[in-house]
file model.pdb (PDB, C-alpha atoms)
ATOM      1  CA  MET L1276     182.536  53.336  80.169  1.00  0.00           C
ATOM      2  CA  SER L1277     179.057  53.701  81.628  1.00  0.00           C
ATOM      3  CA  GLY L1278     175.912  53.533  79.546  1.00  0.00           C
ATOM      4  CA  HIS L1279     175.584  57.304  79.715  1.00  0.00           C
ATOM      5  CA  SER L1280     179.037  57.813  78.246  1.00  0.00           C
ATOM      6  CA  LYS L1281     178.549  55.105  75.643  1.00  0.00           C
ATOM      7  CA  TRP L1282     175.362  56.697  74.351  1.00  0.00           C
ATOM      8  CA  SER L1283     177.211  60.010  74.025  1.00  0.00           C
ATOM      9  CA  THR L1284     179.828  58.154  71.983  1.00  0.00           C
ATOM     10  CA  ILE L1285     177.139  56.741  69.710  1.00  0.00           C
ATOM     11  CA  LYS L1286     175.656  60.186  69.051  1.00  0.00           C
ATOM     12  CA  ARG L1287     179.071  61.678  68.352  1.00  0.00           C
ATOM     13  CA  LYS L1288     180.000  58.941  65.891  1.00  0.00           C
ATOM     14  CA  LYS L1289     176.701  59.256  64.072  1.00  0.00           C
ATOM     15  CA  GLY L1290     177.281  62.982  63.698  1.00  0.00           C
ATOM     16  CA  ALA L1291     173.881  63.719  65.219  1.00  0.00           C
ATOM     17  CA  ILE L1292     174.823  67.056  66.742  1.00  0.00           C
ATOM     18  CA  ASP L1293     176.365  68.495  63.579  1.00  0.00           C
ATOM     19  CA  ALA L1294     173.385  67.305  61.537  1.00  0.00           C
ATOM     20  CA  VAL L1295     170.878  69.218  63.679  1.00  0.00           C
ATOM     21  CA  ARG L1296     172.961  72.165  64.850  1.00  0.00           C
ATOM     22  CA  GLY L1297     170.027  74.591  64.800  1.00  0.00           C
ATOM     23  CA  GLN L1298     167.899  72.236  66.864  1.00  0.00           C
ATOM     24  CA  VAL L1299     170.708  71.810  69.391  1.00  0.00           C
ATOM     25  CA  PHE L1300     170.980  75.579  69.812  1.00  0.00           C
ATOM     26  CA  THR L1301     167.224  75.798  70.401  1.00  0.00           C
ATOM     27  CA  LYS L1302     167.424  73.199  73.157  1.00  0.00           C
ATOM     28  CA  LEU L1303     170.448  74.828  74.751  1.00  0.00           C
ATOM     29  CA  ALA L1304     168.752  78.246  74.712  1.00  0.00           C
ATOM     30  CA  ARG L1305     165.783  76.793  76.572  1.00  0.00           C
ATOM     31  CA  GLU L1306     168.040  75.231  79.201  1.00  0.00           C
ATOM     32  CA  ILE L1307     169.795  78.563  79.714  1.00  0.00           C
ATOM     33  CA  GLN L1308     166.490  80.405  79.873  1.00  0.00           C
ATOM     34  CA  VAL L1309     165.086  78.120  82.564  1.00  0.00           C
ATOM     35  CA  ALA L1310     168.305  78.220  84.600  1.00  0.00           C
ATOM     36  CA  ALA L1311     168.430  82.027  84.407  1.00  0.00           C
ATOM     37  CA  ARG L1312     165.119  82.310  86.257  1.00  0.00           C
ATOM     38  CA  ASN L1313     167.112  81.958  89.462  1.00  0.00           C
ATOM     39  CA  GLY L1314     169.422  84.831  88.530  1.00  0.00           C
ATOM     40  CA  ALA L1315     171.544  86.006  85.622  1.00  0.00           C
ATOM     41  CA  ASP L1316     174.836  85.892  87.553  1.00  0.00           C
ATOM     42  CA  GLN L1317     176.758  82.755  86.633  1.00  0.00           C
ATOM     43  CA  ASN L1318     178.981  83.080  89.706  1.00  0.00           C
ATOM     44  CA  SER L1319     176.044  82.592  92.049  1.00  0.00           C
ATOM     45  CA  ASN L1320     173.815  80.478  89.785  1.00  0.00           C
ATOM     46  CA  PHE L1321     175.559  77.131  89.300  1.00  0.00           C
ATOM     47  CA  ALA L1322     172.822  75.707  87.063  1.00  0.00           C
ATOM     48  CA  LEU L1323     173.154  78.682  84.729  1.00  0.00           C
ATOM     49  CA  ARG L1324     176.938  78.340  84.629  1.00  0.00           C
ATOM     50  CA  LEU L1325     176.625  74.689  83.628  1.00  0.00           C
ATOM     51  CA  ALA L1326     174.065  75.502  80.934  1.00  0.00           C
ATOM     52  CA  VAL L1327     176.254  78.260  79.502  1.00  0.00           C
ATOM     53  CA  GLU L1328     179.373  76.060  79.539  1.00  0.00           C
ATOM     54  CA  LYS L1329     177.429  73.345  77.739  1.00  0.00           C
ATOM     55  CA  ALA L1330     176.316  75.863  75.115  1.00  0.00           C
ATOM     56  CA  ARG L1331     179.848  77.158  74.618  1.00  0.00           C
ATOM     57  CA  ALA L1332     181.103  73.592  74.168  1.00  0.00           C
ATOM     58  CA  GLU L1333     178.662  73.286  71.259  1.00  0.00           C
ATOM     59  CA  ASN L1334     179.951  76.587  69.776  1.00  0.00           C
ATOM     60  CA  MET L1335     176.652  78.367  70.352  1.00  0.00           C
ATOM     61  CA  PRO L1336     177.038  82.052  69.386  1.00  0.00           C
ATOM     62  CA  LYS L1337     177.632  84.450  72.261  1.00  0.00           C
ATOM     63  CA  ASP L1338     174.674  86.614  71.249  1.00  0.00           C
ATOM     64  CA  ASN L1339     172.335  83.620  71.448  1.00  0.00           C
ATOM     65  CA  ILE L1340     173.592  82.769  74.926  1.00  0.00           C
ATOM     66  CA  GLU L1341     173.191  86.323  76.210  1.00  0.00           C
ATOM     67  CA  ARG L1342     169.700  86.606  74.692  1.00  0.00           C
ATOM     68  CA  ALA L1343     168.617  83.376  76.412  1.00  0.00           C
ATOM     69  CA  ILE L1344     169.944  84.641  79.752  1.00  0.00           C
ATOM     70  CA  ARG L1345     168.036  87.920  79.383  1.00  0.00           C
ATOM     71  CA  ARG L1346     164.828  86.105  78.517  1.00  0.00           C
ATOM     72  CA  GLY L1347     165.130  83.758  81.456  1.00  0.00           C
ATOM     73  CA  ALA L1348     165.876  86.617  83.826  1.00  0.00           C
ATOM     74  CA  GLY L1349     162.775  88.469  82.622  1.00  0.00           C
ATOM     75  CA  LEU L1350     164.690  91.264  80.911  1.00  0.00           C
ATOM     76  CA  GLU L1351     162.937  90.786  77.558  1.00  0.00           C
ATOM     77  CA  LYS L1352     159.157  91.197  77.300  1.00  0.00           C
ATOM     78  CA  ASP L1353     158.732  88.845  74.321  1.00  0.00           C
ATOM     79  CA  ALA L1354     160.136  85.825  76.149  1.00  0.00           C
ATOM     80  CA  ALA L1355     157.889  82.758  75.971  1.00  0.00           C
ATOM     81  CA  GLU L1356     157.171  80.974  79.235  1.00  0.00           C
ATOM     82  CA  ILE L1357     159.207  77.749  79.232  1.00  0.00           C
ATOM     83  CA  GLU L1358     158.277  74.964  81.639  1.00  0.00           C
ATOM     84  CA  SER L1359     160.012  71.763  82.616  1.00  0.00           C
ATOM     85  CA  ILE L1360     158.001  68.583  81.977  1.00  0.00           C
ATOM     86  CA  THR L1361     158.983  64.980  82.671  1.00  0.00           C
ATOM     87  CA  TYR L1362     157.325  61.897  81.172  1.00  0.00           C
ATOM     88  CA  GLU L1363     157.833  58.295  82.222  1.00  0.00           C
ATOM     89  CA  GLY L1364     157.199  55.193  80.196  1.00  0.00           C
ATOM     90  CA  TYR L1365     158.451  51.943  78.743  1.00  0.00           C
ATOM     91  CA  ALA L1366     160.310  51.189  75.547  1.00  0.00           C
ATOM     92  CA  PRO L1367     159.879  47.785  73.882  1.00  0.00           C
ATOM     93  CA  HIS L1368     161.060  44.732  75.849  1.00  0.00           C
ATOM     94  CA  GLY L1369     160.345  46.295  79.246  1.00  0.00           C
ATOM     95  CA  VAL L1370     163.050  48.988  79.269  1.00  0.00           C
ATOM     96  CA  ALA L1371     162.146  51.891  81.581  1.00  0.00           C
ATOM     97  CA  MET L1372     162.495  55.437  80.254  1.00  0.00           C
ATOM     98  CA  ILE L1373     162.389  58.971  81.652  1.00  0.00           C
ATOM     99  CA  VAL L1374     161.963  61.774  79.124  1.00  0.00           C
ATOM    100  CA  GLU L1375     162.830  65.320  80.245  1.00  0.00           C
ATOM    101  CA  CYS L1376     161.430  68.229  78.239  1.00  0.00           C
ATOM    102  CA  LEU L1377     161.463  72.018  78.146  1.00  0.00           C
ATOM    103  CA  SER L1378     158.403  73.399  76.406  1.00  0.00           C
ATOM    104  CA  ASP L1379     156.328  76.511  75.736  1.00  0.00           C
ATOM    105  CA  ASN L1380     153.334  74.366  74.735  1.00  0.00           C
ATOM    106  CA  ARG L1381     152.484  71.384  76.945  1.00  0.00           C
ATOM    107  CA  ASN L1382     149.822  70.010  74.580  1.00  0.00           C
ATOM    108  CA  ARG L1383     152.220  69.982  71.624  1.00  0.00           C
ATOM    109  CA  THR L1384     154.941  68.305  73.653  1.00  0.00           C
ATOM    110  CA  ILE L1385     152.832  65.427  75.009  1.00  0.00           C
ATOM    111  CA  SER L1386     151.367  64.855  71.544  1.00  0.00           C
ATOM    112  CA  GLU L1387     154.815  64.564  69.946  1.00  0.00           C
ATOM    113  CA  VAL L1388     156.271  62.420  72.731  1.00  0.00           C
ATOM    114  CA  ARG L1389     153.274  60.056  72.658  1.00  0.00           C
ATOM    115  CA  ARG L1390     153.528  59.748  68.864  1.00  0.00           C
ATOM    116  CA  VAL L1391     157.188  58.697  69.026  1.00  0.00           C
ATOM    117  CA  PHE L1392     156.490  56.216  71.826  1.00  0.00           C
ATOM    118  CA  THR L1393     153.619  54.676  69.852  1.00  0.00           C
ATOM    119  CA  ARG L1394     155.624  54.387  66.632  1.00  0.00           C
ATOM    120  CA  GLY L1395     158.464  52.782  68.598  1.00  0.00           C
ATOM    121  CA  ASN L1396     156.134  50.210  70.208  1.00  0.00           C
ATOM    122  CA  GLY L1397     156.534  51.800  73.614  1.00  0.00           C
ATOM    123  CA  ASN L1398     154.027  53.454  75.914  1.00  0.00           C
ATOM    124  CA  ILE L1399     153.818  56.423  78.281  1.00  0.00           C
ATOM    125  CA  GLY L1400     153.090  55.573  81.911  1.00  0.00           C
ATOM    126  CA  GLU L1401     151.743  57.457  84.889  1.00  0.00           C
ATOM    127  CA  PRO L1402     153.984  59.797  86.922  1.00  0.00           C
ATOM    128  CA  GLY L1403     156.085  57.686  89.272  1.00  0.00           C
ATOM    129  CA  SER L1404     155.644  54.507  87.244  1.00  0.00           C
ATOM    130  CA  VAL L1405     159.361  54.125  86.490  1.00  0.00           C
ATOM    131  CA  ALA L1406     161.100  56.908  88.422  1.00  0.00           C
ATOM    132  CA  TRP L1407     161.714  54.532  91.344  1.00  0.00           C
ATOM    133  CA  GLN L1408     164.092  52.593  89.097  1.00  0.00           C
ATOM    134  CA  PHE L1409     166.487  55.571  88.850  1.00  0.00           C
ATOM    135  CA  THR L1410     168.533  57.764  91.197  1.00  0.00           C
ATOM    136  CA  GLU L1411     169.518  61.328  90.373  1.00  0.00           C
ATOM    137  CA  LYS L1412     173.295  61.780  90.365  1.00  0.00           C
ATOM    138  CA  GLY L1413     175.852  64.381  89.425  1.00  0.00           C
ATOM    139  CA  TYR L1414     177.935  63.193  86.466  1.00  0.00           C
ATOM    140  CA  ILE L1415     181.267  64.597  85.253  1.00  0.00           C
ATOM    141  CA  SER L1416     183.218  62.931  82.450  1.00  0.00           C
ATOM    142  CA  PHE L1417     186.575  63.386  80.742  1.00  0.00           C
ATOM    143  CA  SER L1418     187.587  61.675  77.512  1.00  0.00           C
ATOM    144  CA  LEU L1419     191.184  60.468  77.674  1.00  0.00           C
ATOM    145  CA  VAL L1420     191.619  60.384  73.888  1.00  0.00           C
ATOM    146  CA  ASP L1421     190.818  63.009  71.265  1.00  0.00           C
ATOM    147  CA  GLU L1422     188.943  62.490  68.001  1.00  0.00           C
ATOM    148  CA  GLU L1423     192.184  61.462  66.262  1.00  0.00           C
ATOM    149  CA  GLY L1424     192.811  58.792  68.885  1.00  0.00           C
ATOM    150  CA  GLU L1425     195.674  60.691  70.540  1.00  0.00           C
ATOM    151  CA  ARG L1426     196.081  60.672  74.308  1.00  0.00           C
ATOM    152  CA  ARG L1427     194.936  63.905  75.976  1.00  0.00           C
ATOM    153  CA  ALA L1428     196.916  65.702  78.711  1.00  0.00           C
ATOM    154  CA  ILE L1429     194.697  64.498  81.539  1.00  0.00           C
ATOM    155  CA  ASP L1430     195.894  62.861  84.755  1.00  0.00           C
ATOM    156  CA  PRO L1431     193.188  60.360  85.804  1.00  0.00           C
ATOM    157  CA  ASP L1432     194.786  59.841  89.222  1.00  0.00           C
ATOM    158  CA  GLN L1433     194.687  63.564  90.012  1.00  0.00           C
ATOM    159  CA  ILE L1434     191.033  63.810  89.010  1.00  0.00           C
ATOM    160  CA  PHE L1435     190.348  60.704  91.104  1.00  0.00           C
ATOM    161  CA  MET L1436     191.897  62.265  94.211  1.00  0.00           C
ATOM    162  CA  LEU L1437     190.334  65.693  93.657  1.00  0.00           C
ATOM    163  CA  ALA L1438     186.893  64.223  93.192  1.00  0.00           C
ATOM    164  CA  LEU L1439     186.990  62.017  96.283  1.00  0.00           C
ATOM    165  CA  GLU L1440     188.491  64.777  98.446  1.00  0.00           C
ATOM    166  CA  HIS L1441     185.580  67.065  97.601  1.00  0.00           C
ATOM    167  CA  GLY L1442     182.782  64.572  98.135  1.00  0.00           C
ATOM    168  CA  ALA L1443     182.428  62.426  95.013  1.00  0.00           C
ATOM    169  CA  GLU L1444     180.622  59.142  95.480  1.00  0.00           C
ATOM    170  CA  ASP L1445     182.498  57.134  92.852  1.00  0.00           C
ATOM    171  CA  VAL L1446     185.141  57.576  90.147  1.00  0.00           C
ATOM    172  CA  VAL L1447     185.366  55.110  87.260  1.00  0.00           C
ATOM    173  CA  ILE L1448     188.553  55.073  85.167  1.00  0.00           C
ATOM    174  CA  SER L1449     188.732  53.153  81.893  1.00  0.00           C
ATOM    175  CA  ASP L1450     191.099  53.233  78.918  1.00  0.00           C
ATOM    176  CA  GLU L1451     188.930  55.862  77.245  1.00  0.00           C
ATOM    177  CA  ALA L1452     187.427  58.020  79.976  1.00  0.00           C
ATOM    178  CA  VAL L1453     187.276  59.180  83.580  1.00  0.00           C
ATOM    179  CA  GLU L1454     183.742  59.342  84.977  1.00  0.00           C
ATOM    180  CA  VAL L1455     182.871  60.970  88.285  1.00  0.00           C
ATOM    181  CA  TYR L1456     179.591  60.351  90.105  1.00  0.00           C
ATOM    182  CA  THR L1457     178.324  62.478  92.978  1.00  0.00           C
ATOM    183  CA  GLU L1458     175.256  62.960  95.102  1.00  0.00           C
ATOM    184  CA  ARG L1459     173.143  65.837  93.810  1.00  0.00           C
ATOM    185  CA  THR L1460     174.066  67.948  96.838  1.00  0.00           C
ATOM    186  CA  ASN L1461     177.824  67.542  96.222  1.00  0.00           C
ATOM    187  CA  PHE L1462     177.760  68.024  92.471  1.00  0.00           C
ATOM    188  CA  ALA L1463     178.556  71.756  92.434  1.00  0.00           C
ATOM    189  CA  GLN L1464     181.522  71.594  94.796  1.00  0.00           C
ATOM    190  CA  VAL L1465     183.107  68.582  93.079  1.00  0.00           C
ATOM    191  CA  SER L1466     182.659  70.146  89.640  1.00  0.00           C
ATOM    192  CA  GLN L1467     184.129  73.451  90.802  1.00  0.00           C
ATOM    193  CA  ALA L1468     187.149  71.818  92.477  1.00  0.00           C
ATOM    194  CA  ILE L1469     188.044  69.895  89.329  1.00  0.00           C
ATOM    195  CA  LYS L1470     187.608  72.970  87.154  1.00  0.00           C
ATOM    196  CA  GLU L1471     189.820  75.074  89.446  1.00  0.00           C
ATOM    197  CA  ALA L1472     192.534  72.423  89.039  1.00  0.00           C
ATOM    198  CA  GLY L1473     192.585  73.214  85.331  1.00  0.00           C
ATOM    199  CA  TYR L1474     190.467  70.366  83.949  1.00  0.00           C
ATOM    200  CA  THR L1475     187.548  71.070  81.606  1.00  0.00           C
ATOM    201  CA  PRO L1476     185.076  68.167  81.487  1.00  0.00           C
ATOM    202  CA  ASP L1477     183.445  66.909  78.322  1.00  0.00           C
ATOM    203  CA  SER L1478     180.219  66.633  80.290  1.00  0.00           C
ATOM    204  CA  ALA L1479     179.013  67.953  83.647  1.00  0.00           C
ATOM    205  CA  GLU L1480     175.334  67.446  84.368  1.00  0.00           C
ATOM    206  CA  LEU L1481     172.693  65.882  86.559  1.00  0.00           C
ATOM    207  CA  ILE L1482     171.606  62.483  85.259  1.00  0.00           C
ATOM    208  CA  MET L1483     169.053  59.829  86.142  1.00  0.00           C
ATOM    209  CA  GLN L1484     171.199  56.767  86.786  1.00  0.00           C
ATOM    210  CA  PRO L1485     169.398  53.395  86.568  1.00  0.00           C
ATOM    211  CA  ASN L1486     169.548  51.338  89.755  1.00  0.00           C
ATOM    212  CA  MET L1487     169.688  48.167  87.630  1.00  0.00           C
ATOM    213  CA  THR L1488     170.075  47.633  83.895  1.00  0.00           C
ATOM    214  CA  ILE L1489     168.342  45.254  81.486  1.00  0.00           C
ATOM    215  CA  ALA L1490     170.428  43.206  79.049  1.00  0.00           C
ATOM    216  CA  LEU L1491     168.904  42.540  75.618  1.00  0.00           C
ATOM    217  CA  ASP L1492     170.150  40.948  72.427  1.00  0.00           C
ATOM    218  CA  ALA L1493     171.307  43.214  69.607  1.00  0.00           C
ATOM    219  CA  GLU L1494     168.022  43.223  67.700  1.00  0.00           C
ATOM    220  CA  GLN L1495     165.922  44.030  70.774  1.00  0.00           C
ATOM    221  CA  ALA L1496     168.387  46.652  71.982  1.00  0.00           C
ATOM    222  CA  THR L1497     168.280  48.353  68.596  1.00  0.00           C
ATOM    223  CA  ASP L1498     164.498  48.689  68.948  1.00  0.00           C
ATOM    224  CA  VAL L1499     165.076  50.554  72.202  1.00  0.00           C
ATOM    225  CA  LEU L1500     167.863  52.787  70.882  1.00  0.00           C
ATOM    226  CA  ASP L1501     165.799  53.699  67.824  1.00  0.00           C
ATOM    227  CA  LEU L1502     163.101  54.943  70.210  1.00  0.00           C
ATOM    228  CA  VAL L1503     165.663  56.868  72.271  1.00  0.00           C
ATOM    229  CA  GLU L1504     166.997  58.509  69.125  1.00  0.00           C
ATOM    230  CA  GLY L1505     163.492  59.385  67.961  1.00  0.00           C
ATOM    231  CA  LEU L1506     162.691  61.067  71.278  1.00  0.00           C
ATOM    232  CA  GLU L1507     165.973  62.969  71.369  1.00  0.00           C
ATOM    233  CA  GLY L1508     165.171  64.264  67.889  1.00  0.00           C
ATOM    234  CA  LEU L1509     162.136  66.173  69.184  1.00  0.00           C
ATOM    235  CA  ASP L1510     162.675  69.901  69.709  1.00  0.00           C
ATOM    236  CA  ASP L1511     161.179  69.874  73.210  1.00  0.00           C
ATOM    237  CA  VAL L1512     163.119  66.866  74.542  1.00  0.00           C
ATOM    238  CA  THR L1513     166.332  67.707  76.406  1.00  0.00           C
ATOM    239  CA  LYS L1514     167.283  64.340  77.870  1.00  0.00           C
ATOM    240  CA  VAL L1515     166.252  60.691  77.715  1.00  0.00           C
ATOM    241  CA  SER L1516     167.281  58.250  80.455  1.00  0.00           C
ATOM    242  CA  HIS L1517     166.812  54.494  80.270  1.00  0.00           C
ATOM    243  CA  ASN L1518     167.944  51.293  81.974  1.00  0.00           C
ATOM    244  CA  LEU L1519     169.127  49.372  78.903  1.00  0.00           C
ATOM    245  CA  GLU L1520     172.587  47.863  79.349  1.00  0.00           C
ATOM    246  CA  LEU L1521     174.849  49.219  76.623  1.00  0.00           C
ATOM    247  CA  THR L1522     177.637  46.792  75.772  1.00  0.00           C
ATOM    248  CA  ASP L1523     180.708  47.691  73.718  1.00  0.00           C
ATOM    249  CA  GLU L1524     179.429  45.437  70.935  1.00  0.00           C
ATOM    250  CA  LEU L1525     176.087  47.219  70.854  1.00  0.00           C
ATOM    251  CA  VAL L1526     177.732  50.633  70.773  1.00  0.00           C
ATOM    252  CA  ALA L1527     179.921  49.592  67.838  1.00  0.00           C
ATOM    253  CA  GLN L1528     176.949  48.183  65.943  1.00  0.00           C
ATOM    254  CA  PHE L1529     174.583  51.098  66.504  1.00  0.00           C
ATOM    255  CA  ALA L1530     177.184  53.764  65.788  1.00  0.00           C
TER
END

call {"tool": "encode", "arguments": {"input": "model.pdb", "output": "structure tokens"}}
result
Amino acid sequence: MSGHSKWSTIKRKKGAIDAVRGQVFTKLAREIQVAARNGADQNSNFALRLAVEKARAENMPKDNIERAIRRGAGLEKDAAEIESITYEGYAPHGVAMIVECLSDNRNRTISEVRRVFTRGNGNIGEPGSVAWQFTEKGYISFSLVDEEGERRAIDPDQIFMLALEHGAEDVVISDEAVEVYTERTNFAQVSQAIKEAGYTPDSAELIMQPNMTIALDAEQATDVLDLVEGLEGLDDVTKVSHNLELTDELVAQFA
């Protein structure tokens, strides 16, 4: 599996989502609210449809989802103005990081992000300082086994063919997952084609894929992952991307 999928596995095994369910709902509501600025119709607003599907996958209450859509679409007067903010920086041992946030208070967000970087022996850089080390991609993943270790009714070969026929850039099949990568411009059509074939992905999102990864020993890598976890624990942070190479051994140890 890719580093992106492996980090998702780590978080699931650690029970992070269940432990901070309220915080997860807050983050999801902000994503929905921002996406809904471009329209409240999920059929014509692909970003909103993805945000809503992500929220439903986390069992977010329907009322919360609908309220976030109304706020984003400007249908509720008390809606706070949410803005998208991206920070770049370095974790310990030279690992590049991109931190994506949704916030209603820019000063609070930068203060919290800087504090976590400092405590984790990292530092925030200038805009553009590390972004050149990443490429934005569409990412769609399917787990081939359930939580009990049983094989799921998913045909990797069919997903492979569907994805390539509709413009996917690459499809990676392992014993545990099928991962589809697309250019940003092809992401919507590939995702829709797979969904129409009856497959519901575990993840469908835009990611910052590192152009090259950095391999560290277990102790150094743990320093980096502790920083990643600290950043992801902030209310305003929605996504953290990095170029650390995640090995199977590291995933097993950190989980």

call {"tool": "residues_around", "arguments": {"input": "model.pdb", "residues": "segment 1434-1438 of chain L", "least_positions_apart": "2", "cutoff": "10 Å", "atoms": "only C-alpha atoms", "output": "VMD selection string"}}
result
chain L and resid 1415 1417 1429 to 1432 1440 to 1448 1453 to 1457 1462 1464 to 1470 1472 1474

call {"tool": "resolve_selection", "arguments": {"input": "model.pdb", "expression": "the PyMOL selection byres ((chain L and resi 1381-1389) around 9)", "output": "number ranges by chain"}}
result
L: 1358, 1360, 1362, 1374, 1376-1380, 1390-1394, 1397-1399, 1506, 1509-1512

call {"tool": "write_last_selection", "arguments": {"input": "model.pdb", "atoms": "C-alpha atoms", "output": "PDB file, keeping the file's coordinate frame"}}
result
ATOM      1  CA  GLU L1358     158.277  74.964  81.639  1.00  0.00           C
ATOM      2  CA  ILE L1360     158.001  68.583  81.977  1.00  0.00           C
ATOM      3  CA  TYR L1362     157.325  61.897  81.172  1.00  0.00           C
ATOM      4  CA  VAL L1374     161.963  61.774  79.124  1.00  0.00           C
ATOM      5  CA  CYS L1376     161.430  68.229  78.239  1.00  0.00           C
ATOM      6  CA  LEU L1377     161.463  72.018  78.146  1.00  0.00           C
ATOM      7  CA  SER L1378     158.403  73.399  76.406  1.00  0.00           C
ATOM      8  CA  ASP L1379     156.328  76.511  75.736  1.00  0.00           C
ATOM      9  CA  ASN L1380     153.334  74.366  74.735  1.00  0.00           C
ATOM     10  CA  ARG L1390     153.528  59.748  68.864  1.00  0.00           C
ATOM     11  CA  VAL L1391     157.188  58.697  69.026  1.00  0.00           C
ATOM     12  CA  PHE L1392     156.490  56.216  71.826  1.00  0.00           C
ATOM     13  CA  THR L1393     153.619  54.676  69.852  1.00  0.00           C
ATOM     14  CA  ARG L1394     155.624  54.387  66.632  1.00  0.00           C
ATOM     15  CA  GLY L1397     156.534  51.800  73.614  1.00  0.00           C
ATOM     16  CA  ASN L1398     154.027  53.454  75.914  1.00  0.00           C
ATOM     17  CA  ILE L1399     153.818  56.423  78.281  1.00  0.00           C
ATOM     18  CA  LEU L1506     162.691  61.067  71.278  1.00  0.00           C
ATOM     19  CA  LEU L1509     162.136  66.173  69.184  1.00  0.00           C
ATOM     20  CA  ASP L1510     162.675  69.901  69.709  1.00  0.00           C
ATOM     21  CA  ASP L1511     161.179  69.874  73.210  1.00  0.00           C
ATOM     22  CA  VAL L1512     163.119  66.866  74.542  1.00  0.00           C
TER      23      VAL L1512
END

call {"tool": "residues_near_point", "arguments": {"input": "model.pdb", "point": "(189.1, 56.6, 75.5)", "cutoff": "10 Å", "atoms": "only C-alpha atoms", "output": "list of chain:residue names"}}
result
L:Met1276, L:Phe1417, L:Ser1418, L:Leu1419, L:Val1420, L:Asp1421, L:Glu1422, L:Gly1424, L:Glu1425, L:Arg1426, L:Arg1427, L:Ile1448, L:Ser1449, L:Asp1450, L:Glu1451, L:Ala1452, L:Val1453

call {"tool": "resolve_selection", "arguments": {"input": "model.pdb", "expression": "the PyMOL selection byres ((chain L and resi 1491-1505) around 9)", "output": "list in words"}}
result
Lys1286, Ala1366, Pro1367, His1368, Val1370, Met1372, Val1391, Phe1392, Arg1394, Gly1395, Asn1396, Gly1397, Ile1489, Ala1490, Leu1506, Glu1507, Gly1508, Leu1509, Val1515, Ser1516, His1517, Leu1519, Glu1520, Leu1521, Glu1524, Leu1525, Gln1528 and Phe1529 of chain L

call {"tool": "write_last_selection", "arguments": {"input": "model.pdb", "atoms": "C-alpha atoms", "output": "PDB file, keeping the file's coordinate frame"}}
result
ATOM      1  CA  LYS L1286     175.656  60.186  69.051  1.00  0.00           C
ATOM      2  CA  ALA L1366     160.310  51.189  75.547  1.00  0.00           C
ATOM      3  CA  PRO L1367     159.879  47.785  73.882  1.00  0.00           C
ATOM      4  CA  HIS L1368     161.060  44.732  75.849  1.00  0.00           C
ATOM      5  CA  VAL L1370     163.050  48.988  79.269  1.00  0.00           C
ATOM      6  CA  MET L1372     162.495  55.437  80.254  1.00  0.00           C
ATOM      7  CA  VAL L1391     157.188  58.697  69.026  1.00  0.00           C
ATOM      8  CA  PHE L1392     156.490  56.216  71.826  1.00  0.00           C
ATOM      9  CA  ARG L1394     155.624  54.387  66.632  1.00  0.00           C
ATOM     10  CA  GLY L1395     158.464  52.782  68.598  1.00  0.00           C
ATOM     11  CA  ASN L1396     156.134  50.210  70.208  1.00  0.00           C
ATOM     12  CA  GLY L1397     156.534  51.800  73.614  1.00  0.00           C
ATOM     13  CA  ILE L1489     168.342  45.254  81.486  1.00  0.00           C
ATOM     14  CA  ALA L1490     170.428  43.206  79.049  1.00  0.00           C
ATOM     15  CA  LEU L1506     162.691  61.067  71.278  1.00  0.00           C
ATOM     16  CA  GLU L1507     165.973  62.969  71.369  1.00  0.00           C
ATOM     17  CA  GLY L1508     165.171  64.264  67.889  1.00  0.00           C
ATOM     18  CA  LEU L1509     162.136  66.173  69.184  1.00  0.00           C
ATOM     19  CA  VAL L1515     166.252  60.691  77.715  1.00  0.00           C
ATOM     20  CA  SER L1516     167.281  58.250  80.455  1.00  0.00           C
ATOM     21  CA  HIS L1517     166.812  54.494  80.270  1.00  0.00           C
ATOM     22  CA  LEU L1519     169.127  49.372  78.903  1.00  0.00           C
ATOM     23  CA  GLU L1520     172.587  47.863  79.349  1.00  0.00           C
ATOM     24  CA  LEU L1521     174.849  49.219  76.623  1.00  0.00           C
ATOM     25  CA  GLU L1524     179.429  45.437  70.935  1.00  0.00           C
ATOM     26  CA  LEU L1525     176.087  47.219  70.854  1.00  0.00           C
ATOM     27  CA  GLN L1528     176.949  48.183  65.943  1.00  0.00           C
ATOM     28  CA  PHE L1529     174.583  51.098  66.504  1.00  0.00           C
TER      29      PHE L1529
END

call {"tool": "residues_around", "arguments": {"input": "model.pdb", "residues": "segment 1326-1334 of chain L", "least_positions_apart": "2", "cutoff": "9 Å", "atoms": "all atoms listed in the file", "output": "PyMOL selection string"}}
result
chain L and resi 1292+1296+1299-1300+1303-1304+1306-1307+1310+1317+1321-1324+1336-1337+1340+1344+1477-1480

call {"tool": "write_last_selection", "arguments": {"input": "model.pdb", "atoms": "C-alpha atoms", "output": "CSV table (one decimal), keeping the file's coordinate frame"}}
result
chain,number,residue,atom,x,y,z
L,1292,ILE,CA,174.8,67.1,66.7
L,1296,ARG,CA,173.0,72.2,64.8
L,1299,VAL,CA,170.7,71.8,69.4
L,1300,PHE,CA,171.0,75.6,69.8
L,1303,LEU,CA,170.4,74.8,74.8
L,1304,ALA,CA,168.8,78.2,74.7
L,1306,GLU,CA,168.0,75.2,79.2
L,1307,ILE,CA,169.8,78.6,79.7
L,1310,ALA,CA,168.3,78.2,84.6
L,1317,GLN,CA,176.8,82.8,86.6
L,1321,PHE,CA,175.6,77.1,89.3
L,1322,ALA,CA,172.8,75.7,87.1
L,1323,LEU,CA,173.2,78.7,84.7
L,1324,ARG,CA,176.9,78.3,84.6
L,1336,PRO,CA,177.0,82.1,69.4
L,1337,LYS,CA,177.6,84.4,72.3
L,1340,ILE,CA,173.6,82.8,74.9
L,1344,ILE,CA,169.9,84.6,79.8
L,1477,ASP,CA,183.4,66.9,78.3
L,1478,SER,CA,180.2,66.6,80.3
L,1479,ALA,CA,179.0,68.0,83.6
L,1480,GLU,CA,175.3,67.4,84.4
